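K.L.:
Quick one, run.txt (compact mmCIF, N, CA and C atoms):
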```
# COMPACT_ATOMS: atom_id res chain seq x y z
N MET A 1 -24.50 -125.87 74.45
CA MET A 1 -24.24 -125.49 75.81
C MET A 1 -23.82 -124.03 75.90
N GLN A 2 -23.03 -123.60 74.97
CA GLN A 2 -22.54 -122.23 74.95
C GLN A 2 -23.68 -121.21 74.87
N PRO A 3 -24.70 -121.37 74.01
CA PRO A 3 -25.79 -120.39 73.94
C PRO A 3 -26.55 -120.27 75.26
N ARG A 4 -26.70 -121.38 76.01
CA ARG A 4 -27.42 -121.32 77.28
C ARG A 4 -26.66 -120.44 78.28
N ILE A 5 -25.35 -120.52 78.30
CA ILE A 5 -24.55 -119.70 79.21
C ILE A 5 -24.69 -118.24 78.86
N ILE A 6 -24.67 -117.93 77.55
CA ILE A 6 -24.81 -116.54 77.12
C ILE A 6 -26.19 -116.01 77.48
N ILE A 7 -27.25 -116.80 77.26
CA ILE A 7 -28.61 -116.36 77.58
C ILE A 7 -28.74 -116.15 79.09
N ALA A 8 -28.17 -117.06 79.88
CA ALA A 8 -28.23 -116.92 81.33
C ALA A 8 -27.50 -115.65 81.78
N ALA A 9 -26.37 -115.36 81.17
CA ALA A 9 -25.61 -114.16 81.52
C ALA A 9 -26.38 -112.90 81.16
N VAL A 10 -27.03 -112.91 80.00
CA VAL A 10 -27.82 -111.75 79.58
C VAL A 10 -29.00 -111.54 80.53
N LEU A 11 -29.69 -112.62 80.89
CA LEU A 11 -30.82 -112.51 81.81
C LEU A 11 -30.37 -112.01 83.18
N ALA A 12 -29.26 -112.53 83.67
CA ALA A 12 -28.75 -112.08 84.97
C ALA A 12 -28.39 -110.61 84.93
N SER A 13 -27.77 -110.16 83.84
CA SER A 13 -27.42 -108.74 83.70
C SER A 13 -28.67 -107.88 83.69
N ALA A 14 -29.71 -108.33 82.99
CA ALA A 14 -30.95 -107.56 82.92
C ALA A 14 -31.60 -107.46 84.30
N LEU A 15 -31.59 -108.56 85.04
CA LEU A 15 -32.16 -108.52 86.39
C LEU A 15 -31.39 -107.59 87.30
N LEU A 16 -30.07 -107.64 87.23
CA LEU A 16 -29.26 -106.76 88.06
C LEU A 16 -29.46 -105.30 87.69
N ALA A 17 -29.51 -105.02 86.41
CA ALA A 17 -29.72 -103.64 85.97
C ALA A 17 -31.08 -103.13 86.40
N GLY A 18 -32.10 -103.99 86.34
CA GLY A 18 -33.43 -103.59 86.78
C GLY A 18 -33.46 -103.30 88.27
N GLY A 19 -32.69 -104.03 89.06
CA GLY A 19 -32.62 -103.80 90.49
C GLY A 19 -31.91 -102.51 90.84
N CYS A 20 -31.07 -102.00 89.94
CA CYS A 20 -30.34 -100.77 90.20
C CYS A 20 -31.16 -99.53 89.91
N ALA A 21 -32.23 -99.70 89.14
CA ALA A 21 -33.07 -98.53 88.85
C ALA A 21 -33.70 -98.07 90.14
N SER A 22 -33.77 -96.78 90.33
CA SER A 22 -34.32 -96.28 91.59
C SER A 22 -35.56 -95.44 91.33
N ASP A 23 -36.42 -95.43 92.33
CA ASP A 23 -37.60 -94.57 92.27
C ASP A 23 -37.15 -93.14 92.49
N PRO A 24 -37.94 -92.17 92.07
CA PRO A 24 -37.56 -90.78 92.32
C PRO A 24 -37.37 -90.52 93.81
N ASP A 25 -36.42 -89.70 94.13
CA ASP A 25 -36.13 -89.35 95.51
C ASP A 25 -37.31 -88.58 96.09
N PRO A 26 -37.88 -89.05 97.24
CA PRO A 26 -39.02 -88.34 97.81
C PRO A 26 -38.68 -86.92 98.21
N ALA A 27 -37.41 -86.64 98.46
CA ALA A 27 -37.02 -85.27 98.81
C ALA A 27 -37.23 -84.33 97.63
N ASP A 28 -37.06 -84.85 96.40
CA ASP A 28 -37.24 -84.00 95.23
C ASP A 28 -38.68 -83.51 95.13
N ALA A 29 -39.63 -84.33 95.56
CA ALA A 29 -41.03 -83.96 95.45
C ALA A 29 -41.42 -82.90 96.47
N THR A 30 -40.66 -82.75 97.54
CA THR A 30 -41.06 -81.82 98.58
C THR A 30 -40.05 -80.70 98.79
N SER A 31 -39.09 -80.58 97.90
CA SER A 31 -38.03 -79.61 98.14
C SER A 31 -38.43 -78.17 97.80
N THR A 32 -39.54 -77.99 97.11
CA THR A 32 -39.98 -76.65 96.75
C THR A 32 -41.11 -76.21 97.67
N ILE A 33 -41.00 -75.02 98.21
CA ILE A 33 -42.07 -74.50 99.06
C ILE A 33 -43.24 -74.11 98.19
N GLU A 34 -44.40 -74.61 98.51
CA GLU A 34 -45.62 -74.22 97.82
C GLU A 34 -46.12 -72.94 98.46
N VAL A 35 -46.26 -71.91 97.69
CA VAL A 35 -46.71 -70.62 98.22
C VAL A 35 -48.07 -70.75 98.88
N GLU A 36 -48.92 -71.57 98.31
CA GLU A 36 -50.26 -71.76 98.86
C GLU A 36 -50.36 -73.10 99.58
N GLY A 37 -49.29 -73.52 100.27
CA GLY A 37 -49.28 -74.80 100.96
C GLY A 37 -50.40 -74.92 101.98
N ARG A 38 -50.92 -76.14 102.12
CA ARG A 38 -52.01 -76.37 103.07
C ARG A 38 -51.53 -76.33 104.50
N HIS A 39 -50.28 -76.67 104.73
CA HIS A 39 -49.74 -76.73 106.08
C HIS A 39 -48.75 -75.59 106.29
N VAL A 40 -48.81 -74.98 107.47
CA VAL A 40 -47.95 -73.83 107.75
C VAL A 40 -47.34 -73.99 109.14
N LEU A 41 -46.05 -73.72 109.23
CA LEU A 41 -45.36 -73.64 110.51
C LEU A 41 -44.67 -72.30 110.54
N SER A 42 -44.89 -71.55 111.60
CA SER A 42 -44.23 -70.26 111.73
C SER A 42 -43.49 -70.23 113.05
N GLY A 43 -42.61 -69.26 113.18
CA GLY A 43 -41.85 -69.13 114.41
C GLY A 43 -40.83 -68.03 114.29
N ARG A 44 -39.84 -68.09 115.19
CA ARG A 44 -38.79 -67.07 115.20
C ARG A 44 -37.44 -67.75 115.21
N VAL A 45 -36.46 -67.08 114.63
CA VAL A 45 -35.06 -67.49 114.70
C VAL A 45 -34.36 -66.46 115.58
N VAL A 46 -33.73 -66.94 116.65
CA VAL A 46 -33.03 -66.06 117.59
C VAL A 46 -31.61 -66.58 117.79
N ILE A 47 -30.73 -65.68 118.24
CA ILE A 47 -29.36 -66.08 118.57
C ILE A 47 -29.28 -66.23 120.08
N ARG A 48 -28.91 -67.40 120.52
CA ARG A 48 -28.82 -67.70 121.95
C ARG A 48 -27.84 -66.77 122.64
N ASP A 49 -28.16 -66.38 123.85
CA ASP A 49 -27.31 -65.55 124.72
C ASP A 49 -27.18 -64.11 124.25
N LEU A 50 -28.04 -63.67 123.35
CA LEU A 50 -28.07 -62.26 122.96
C LEU A 50 -29.42 -61.69 123.33
N ASP A 51 -29.42 -60.67 124.17
CA ASP A 51 -30.68 -60.08 124.62
C ASP A 51 -31.22 -59.04 123.64
N ASP A 52 -30.32 -58.38 122.93
CA ASP A 52 -30.79 -57.31 122.05
C ASP A 52 -30.87 -57.80 120.61
N ARG A 53 -31.41 -56.96 119.75
CA ARG A 53 -31.51 -57.28 118.33
C ARG A 53 -30.12 -57.28 117.72
N ARG A 54 -29.90 -58.11 116.74
CA ARG A 54 -28.59 -58.25 116.14
C ARG A 54 -28.70 -58.04 114.64
N GLU A 55 -27.82 -57.20 114.11
CA GLU A 55 -27.74 -57.00 112.67
C GLU A 55 -26.81 -58.04 112.07
N LEU A 56 -27.26 -58.69 111.02
CA LEU A 56 -26.42 -59.64 110.32
C LEU A 56 -25.61 -58.91 109.26
N PRO A 57 -24.48 -59.48 108.84
CA PRO A 57 -23.67 -58.84 107.80
C PRO A 57 -24.47 -58.67 106.50
N THR A 58 -24.16 -57.65 105.75
CA THR A 58 -24.81 -57.41 104.46
C THR A 58 -24.64 -58.64 103.56
N GLY A 59 -25.72 -59.05 102.94
CA GLY A 59 -25.68 -60.20 102.03
C GLY A 59 -25.88 -61.55 102.71
N ALA A 60 -25.99 -61.56 104.04
CA ALA A 60 -26.19 -62.83 104.74
C ALA A 60 -27.59 -63.38 104.44
N ARG A 61 -27.71 -64.70 104.52
CA ARG A 61 -29.00 -65.37 104.30
C ARG A 61 -29.30 -66.25 105.50
N VAL A 62 -30.56 -66.29 105.88
CA VAL A 62 -31.03 -67.19 106.93
C VAL A 62 -31.80 -68.31 106.24
N LEU A 63 -31.38 -69.55 106.47
CA LEU A 63 -32.02 -70.72 105.88
C LEU A 63 -32.73 -71.48 106.98
N ILE A 64 -34.03 -71.76 106.79
CA ILE A 64 -34.82 -72.49 107.76
C ILE A 64 -35.37 -73.72 107.05
N ARG A 65 -35.31 -74.89 107.74
CA ARG A 65 -35.76 -76.14 107.13
C ARG A 65 -36.61 -76.94 108.11
N LEU A 66 -37.56 -77.66 107.55
CA LEU A 66 -38.30 -78.69 108.27
C LEU A 66 -37.92 -80.00 107.61
N ASP A 67 -37.35 -80.92 108.41
CA ASP A 67 -36.85 -82.19 107.88
C ASP A 67 -37.51 -83.38 108.57
N ASP A 68 -37.67 -84.46 107.81
CA ASP A 68 -38.05 -85.75 108.38
C ASP A 68 -36.74 -86.40 108.84
N VAL A 69 -36.59 -86.57 110.15
CA VAL A 69 -35.34 -87.10 110.72
C VAL A 69 -35.57 -88.47 111.35
N SER A 70 -36.52 -89.22 110.82
CA SER A 70 -36.92 -90.49 111.41
C SER A 70 -35.83 -91.56 111.36
N LEU A 71 -35.04 -91.58 110.32
CA LEU A 71 -34.05 -92.65 110.15
C LEU A 71 -32.71 -92.22 110.70
N ALA A 72 -32.23 -92.94 111.69
CA ALA A 72 -30.99 -92.57 112.39
C ALA A 72 -29.76 -92.70 111.50
N ASP A 73 -29.72 -93.68 110.63
CA ASP A 73 -28.52 -93.93 109.82
C ASP A 73 -28.67 -93.46 108.38
N ALA A 74 -29.53 -92.49 108.16
CA ALA A 74 -29.75 -91.99 106.80
C ALA A 74 -29.88 -90.47 106.84
N ALA A 75 -29.65 -89.88 105.70
CA ALA A 75 -29.80 -88.42 105.60
C ALA A 75 -31.27 -88.05 105.80
N SER A 76 -31.48 -86.89 106.39
CA SER A 76 -32.85 -86.42 106.59
C SER A 76 -33.47 -86.07 105.25
N VAL A 77 -34.79 -86.07 105.21
CA VAL A 77 -35.53 -85.73 103.99
C VAL A 77 -36.21 -84.39 104.22
N MET A 78 -35.92 -83.42 103.37
CA MET A 78 -36.48 -82.09 103.52
C MET A 78 -37.98 -82.10 103.19
N VAL A 79 -38.76 -81.50 104.08
CA VAL A 79 -40.19 -81.34 103.85
C VAL A 79 -40.46 -79.94 103.31
N ALA A 80 -39.83 -78.93 103.92
CA ALA A 80 -40.03 -77.54 103.49
C ALA A 80 -38.79 -76.74 103.86
N GLU A 81 -38.57 -75.66 103.13
CA GLU A 81 -37.47 -74.75 103.46
C GLU A 81 -37.86 -73.34 103.07
N ALA A 82 -37.21 -72.40 103.73
CA ALA A 82 -37.41 -70.99 103.40
C ALA A 82 -36.07 -70.28 103.56
N THR A 83 -35.88 -69.25 102.78
CA THR A 83 -34.67 -68.44 102.84
C THR A 83 -35.08 -66.99 103.03
N SER A 84 -34.36 -66.31 103.93
CA SER A 84 -34.64 -64.89 104.16
C SER A 84 -33.34 -64.11 104.07
N THR A 85 -33.44 -62.91 103.55
CA THR A 85 -32.29 -62.02 103.50
C THR A 85 -32.46 -60.86 104.46
N SER A 86 -33.41 -60.99 105.39
CA SER A 86 -33.58 -59.97 106.42
C SER A 86 -32.31 -59.90 107.24
N LEU A 87 -31.86 -58.71 107.56
CA LEU A 87 -30.59 -58.55 108.28
C LEU A 87 -30.75 -58.41 109.78
N THR A 88 -31.99 -58.41 110.28
CA THR A 88 -32.21 -58.21 111.70
C THR A 88 -32.79 -59.46 112.34
N LEU A 89 -32.18 -59.89 113.43
CA LEU A 89 -32.71 -60.99 114.23
C LEU A 89 -33.27 -60.40 115.52
N PRO A 90 -34.30 -60.93 116.14
CA PRO A 90 -34.93 -62.18 115.74
C PRO A 90 -35.71 -62.02 114.43
N LEU A 91 -35.79 -63.12 113.71
CA LEU A 91 -36.43 -63.16 112.41
C LEU A 91 -37.68 -64.03 112.51
N THR A 92 -38.77 -63.57 111.96
CA THR A 92 -39.99 -64.38 111.89
C THR A 92 -39.97 -65.15 110.58
N TYR A 93 -40.27 -66.45 110.66
CA TYR A 93 -40.28 -67.26 109.45
C TYR A 93 -41.64 -67.94 109.29
N GLU A 94 -41.87 -68.43 108.08
CA GLU A 94 -43.05 -69.22 107.77
C GLU A 94 -42.67 -70.29 106.77
N LEU A 95 -42.90 -71.54 107.13
CA LEU A 95 -42.66 -72.68 106.23
C LEU A 95 -44.02 -73.19 105.76
N ARG A 96 -44.13 -73.48 104.46
CA ARG A 96 -45.38 -73.99 103.89
C ARG A 96 -45.09 -75.25 103.08
N TRP A 97 -46.01 -76.23 103.16
CA TRP A 97 -45.89 -77.43 102.36
C TRP A 97 -47.26 -78.05 102.19
N ASP A 98 -47.38 -78.92 101.18
CA ASP A 98 -48.65 -79.58 100.88
C ASP A 98 -48.69 -81.04 101.33
N THR A 99 -47.55 -81.66 101.48
CA THR A 99 -47.47 -83.08 101.81
C THR A 99 -48.06 -83.34 103.20
N GLU A 100 -48.90 -84.36 103.29
CA GLU A 100 -49.44 -84.77 104.58
C GLU A 100 -48.32 -85.49 105.35
N LEU A 101 -48.06 -85.07 106.59
CA LEU A 101 -46.98 -85.67 107.36
C LEU A 101 -47.49 -86.86 108.16
N ASP A 102 -46.65 -87.88 108.26
CA ASP A 102 -46.96 -89.10 109.00
C ASP A 102 -46.68 -88.86 110.48
N THR A 103 -47.69 -88.98 111.33
CA THR A 103 -47.53 -88.70 112.75
C THR A 103 -46.63 -89.71 113.46
N SER A 104 -46.32 -90.83 112.82
CA SER A 104 -45.44 -91.82 113.44
C SER A 104 -43.96 -91.52 113.16
N ARG A 105 -43.68 -90.51 112.37
CA ARG A 105 -42.30 -90.17 112.02
C ARG A 105 -41.83 -88.98 112.86
N ALA A 106 -40.51 -88.75 112.87
CA ALA A 106 -39.92 -87.65 113.65
C ALA A 106 -39.53 -86.51 112.71
N TYR A 107 -39.84 -85.28 113.11
CA TYR A 107 -39.54 -84.10 112.31
C TYR A 107 -38.77 -83.09 113.16
N SER A 108 -37.96 -82.29 112.50
CA SER A 108 -37.16 -81.30 113.22
C SER A 108 -37.02 -80.04 112.38
N VAL A 109 -36.99 -78.89 113.07
CA VAL A 109 -36.78 -77.60 112.42
C VAL A 109 -35.35 -77.16 112.72
N SER A 110 -34.66 -76.68 111.70
CA SER A 110 -33.30 -76.20 111.89
C SER A 110 -33.11 -74.90 111.12
N ALA A 111 -32.07 -74.16 111.50
CA ALA A 111 -31.79 -72.90 110.82
C ALA A 111 -30.29 -72.66 110.83
N GLU A 112 -29.86 -71.85 109.88
CA GLU A 112 -28.46 -71.43 109.83
C GLU A 112 -28.38 -70.08 109.16
N VAL A 113 -27.32 -69.35 109.48
CA VAL A 113 -27.04 -68.06 108.84
C VAL A 113 -25.74 -68.23 108.08
N VAL A 114 -25.79 -67.88 106.79
CA VAL A 114 -24.63 -68.01 105.91
C VAL A 114 -24.30 -66.63 105.36
N SER A 115 -23.00 -66.28 105.36
CA SER A 115 -22.57 -64.98 104.84
C SER A 115 -22.70 -64.96 103.32
N ALA A 116 -22.56 -63.77 102.74
CA ALA A 116 -22.61 -63.62 101.28
C ALA A 116 -21.54 -64.46 100.60
N GLU A 117 -20.44 -64.72 101.31
CA GLU A 117 -19.34 -65.51 100.76
C GLU A 117 -19.54 -67.01 100.99
N GLY A 118 -20.64 -67.40 101.65
CA GLY A 118 -20.92 -68.81 101.89
C GLY A 118 -20.38 -69.34 103.21
N GLU A 119 -19.84 -68.47 104.06
CA GLU A 119 -19.30 -68.90 105.34
C GLU A 119 -20.45 -69.08 106.34
N LEU A 120 -20.44 -70.20 107.05
CA LEU A 120 -21.45 -70.47 108.06
C LEU A 120 -21.16 -69.61 109.29
N LEU A 121 -22.11 -68.75 109.67
CA LEU A 121 -21.93 -67.83 110.78
C LEU A 121 -22.60 -68.31 112.06
N PHE A 122 -23.84 -68.78 111.92
CA PHE A 122 -24.62 -69.26 113.05
C PHE A 122 -25.36 -70.52 112.62
N VAL A 123 -25.62 -71.41 113.58
CA VAL A 123 -26.32 -72.66 113.27
C VAL A 123 -27.11 -73.10 114.48
N SER A 124 -28.23 -73.80 114.24
CA SER A 124 -28.96 -74.40 115.36
C SER A 124 -28.21 -75.68 115.73
N ASP A 125 -27.86 -75.80 117.01
CA ASP A 125 -27.04 -76.94 117.42
C ASP A 125 -27.81 -77.94 118.28
N THR A 126 -29.09 -77.73 118.44
CA THR A 126 -29.93 -78.67 119.18
C THR A 126 -31.13 -79.02 118.32
N VAL A 127 -31.76 -80.12 118.67
CA VAL A 127 -32.95 -80.55 117.93
C VAL A 127 -34.13 -79.70 118.37
N HIS A 128 -34.86 -79.18 117.39
CA HIS A 128 -36.09 -78.44 117.64
C HIS A 128 -37.21 -79.29 117.04
N PRO A 129 -37.76 -80.22 117.85
CA PRO A 129 -38.73 -81.16 117.30
C PRO A 129 -40.02 -80.48 116.84
N TYR A 130 -40.61 -81.06 115.81
CA TYR A 130 -41.89 -80.60 115.28
C TYR A 130 -42.83 -81.80 115.25
N GLU A 131 -44.01 -81.62 115.78
CA GLU A 131 -45.05 -82.63 115.67
C GLU A 131 -46.15 -82.06 114.80
N PRO A 132 -46.64 -82.85 113.82
CA PRO A 132 -47.70 -82.33 112.97
C PRO A 132 -48.82 -81.72 113.80
N GLY A 133 -49.14 -80.50 113.47
CA GLY A 133 -50.15 -79.75 114.21
C GLY A 133 -49.55 -78.61 115.01
N ASP A 134 -48.24 -78.69 115.32
CA ASP A 134 -47.59 -77.57 115.99
C ASP A 134 -47.72 -76.34 115.10
N GLU A 135 -47.83 -75.17 115.71
CA GLU A 135 -48.01 -73.96 114.92
C GLU A 135 -46.87 -72.97 115.04
N ASP A 136 -46.07 -73.08 116.11
CA ASP A 136 -45.04 -72.07 116.33
C ASP A 136 -43.82 -72.70 116.99
N ILE A 137 -42.64 -72.54 116.40
CA ILE A 137 -41.40 -73.06 116.97
C ILE A 137 -40.32 -71.99 116.88
N THR A 138 -39.69 -71.70 118.01
CA THR A 138 -38.56 -70.78 118.02
C THR A 138 -37.27 -71.60 117.88
N VAL A 139 -36.43 -71.21 116.94
CA VAL A 139 -35.18 -71.93 116.67
C VAL A 139 -34.03 -71.05 117.18
N GLU A 140 -33.22 -71.60 118.09
CA GLU A 140 -32.08 -70.87 118.62
C GLU A 140 -30.83 -71.19 117.82
N LEU A 141 -30.04 -70.16 117.57
CA LEU A 141 -28.78 -70.31 116.84
C LEU A 141 -27.62 -70.01 117.76
N VAL A 142 -26.46 -70.60 117.47
CA VAL A 142 -25.24 -70.29 118.19
C VAL A 142 -24.17 -69.93 117.15
N ALA A 143 -23.19 -69.14 117.60
CA ALA A 143 -22.10 -68.76 116.70
C ALA A 143 -21.26 -69.98 116.36
N VAL A 144 -20.73 -69.99 115.15
CA VAL A 144 -19.88 -71.10 114.72
C VAL A 144 -18.44 -70.77 115.02
```
In structure tokens, how does this file's structure come out?
P.N.:
Amino acid sequence: MQPRIIIAAVLASALLAGGCASDPDPADATSTIEVEGRHVLSGRVVIRDLDDRRELPTGARVLIRLDDVSLADAASVMVAEATSTSLTLPLTYELRWDTELDTSRAYSVSAEVVSAEGELLFVSDTVHPYEPGDEDITVELVAV
């Protein structure tokens, strides 16, 4: 009787361990911008309520992302990202990726400006939806 209990426990442990193994994160496959990506989205990053051009602090970075935001209770999955060290806004950006996007899912473009010290200076505070096939999206930022 004792050996059967041990075998059952070993089998149950193996099944549980097998269930814990995870597939690779789909975000890992799309987190790198392909320079020669088949799909391109371009646009501008502007600061809301500023009519003139604005100089960003030295060393600041502008981060632009295209995310799959389909799941309400889960973290978004990055499709493409770009980083710019241009100090003048408005900034023109270009996102490139190779993955074919599912037209039944929801996508959004966001941007933020981070200082050289890592302090968040400006952020997009509204959803800027993207539908596969869109070619140009302007992302507005607000001061933090």
K.L.:
A:Gly37, A:Asp102, A:Val62, A:Pro129: which is nearest Leu141 in chain A, counting only C-alpha atoms?
P.N.:
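Among the listed residues, A:Val62 lies closest to Leu141 in chain A.
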K.L.:
I need the residues of range 61-138 of chain A that end up classed as strand (DSSP E or B) by DSSP on the backbone, written out as a PyMOL selection string.
P.N.:
chain A and resi 61-68+77-84+88-89+91-97+107-114+120-123+128-130+136-138
K.L.:
Quick check, in Å to one decimal: how far apart do CA of Ser42 in chain A and CA of Ala116 in chain A lie?
P.N.:
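Here the two named atoms are 24.9 Å from each other.
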K.L.:
Between A:Val139, A:Ala72, A:Val144, A:Ile47, which is the closest to Tyr93 in chain A once you count only C-alpha atoms?
P.N.:
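Using only C-alpha atoms, the shortest distance to Tyr93 in chain A belongs to A:Val139.
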K.L.:
In Å, with one decimal, what is the gap from CA of Ala60 in chain A to atom N of Glu112 in chain A?
P.N.:
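Calculated distance between CA of Ala60 in chain A and atom N of Glu112 in chain A is 11.0 Å.
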K.L.:
Report the distance between CA of Arg96 in chain A and atom N of Val113 in chain A in Å, rounded to one decimal place.
P.N.:
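The value is 19.5 Å.
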K.L.:
Would you list the contacts of Ser115 in chain A as a short mmCIF file (atom, residue, chain, number, x, y, z; two decimals) with N, CA and C atoms, in the coordinates of the input, taking every protein, DNA or RNA residue within 6.5 Å and counting only N, CA and C atoms, but skipping same-chain residues closer than 2 positions in sequence?
P.N.:
```
data_model
loop_
_atom_site.label_atom_id
_atom_site.label_comp_id
_atom_site.auth_asym_id
_atom_site.auth_seq_id
_atom_site.Cartn_x
_atom_site.Cartn_y
_atom_site.Cartn_z
N GLY A 59 -25.72 -59.05 102.94
CA GLY A 59 -25.68 -60.20 102.03
C GLY A 59 -25.88 -61.55 102.71
N ALA A 60 -25.99 -61.56 104.04
CA ALA A 60 -26.19 -62.83 104.74
C ALA A 60 -27.59 -63.38 104.44
N ARG A 61 -27.71 -64.70 104.52
CA ARG A 61 -29.00 -65.37 104.30
C ARG A 61 -29.30 -66.25 105.50
N VAL A 113 -27.32 -69.35 109.48
CA VAL A 113 -27.04 -68.06 108.84
C VAL A 113 -25.74 -68.23 108.08
N GLU A 117 -20.44 -64.72 101.31
CA GLU A 117 -19.34 -65.51 100.76
C GLU A 117 -19.54 -67.01 100.99
N GLY A 118 -20.64 -67.40 101.65
CA GLY A 118 -20.92 -68.81 101.89
C GLY A 118 -20.38 -69.34 103.21
N GLU A 119 -19.84 -68.47 104.06
CA GLU A 119 -19.30 -68.90 105.34
C GLU A 119 -20.45 -69.08 106.34
N LEU A 120 -20.44 -70.20 107.05
CA LEU A 120 -21.45 -70.47 108.06
C LEU A 120 -21.16 -69.61 109.29
N LEU A 121 -22.11 -68.75 109.67
CA LEU A 121 -21.93 -67.83 110.78
C LEU A 121 -22.60 -68.31 112.06
#
```
K.L.:
Would you mind telling me which residue in A:Leu71, A:Leu41, A:Val123, A:Ile137 lies nearest to Leu95 in chain A when using only N, CA and C atoms?
P.N.:
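Selected residue with least distance to Leu95 in chain A: A:Leu41.
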K.L.:
What's the 5 Å shell around Thr92 in chain A, counting only N, CA and C atoms, without same-chain residues fewer than 2 positions away, as a list in words?
P.N.:
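Neighbouring residues, sequence-local ones excluded: Gly43, Arg44, Val45, Pro90 and Glu94 of chain A.
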K.L.:
Nearest to Asp68 in chain A among A:Leu56, A:Ala80, A:Val46, A:Leu91, with distances taken over only N, CA and C atoms: which residue is it?
P.N.:
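Looking only at the distances to Asp68 in chain A, the closest residue turns out to be A:Ala80.
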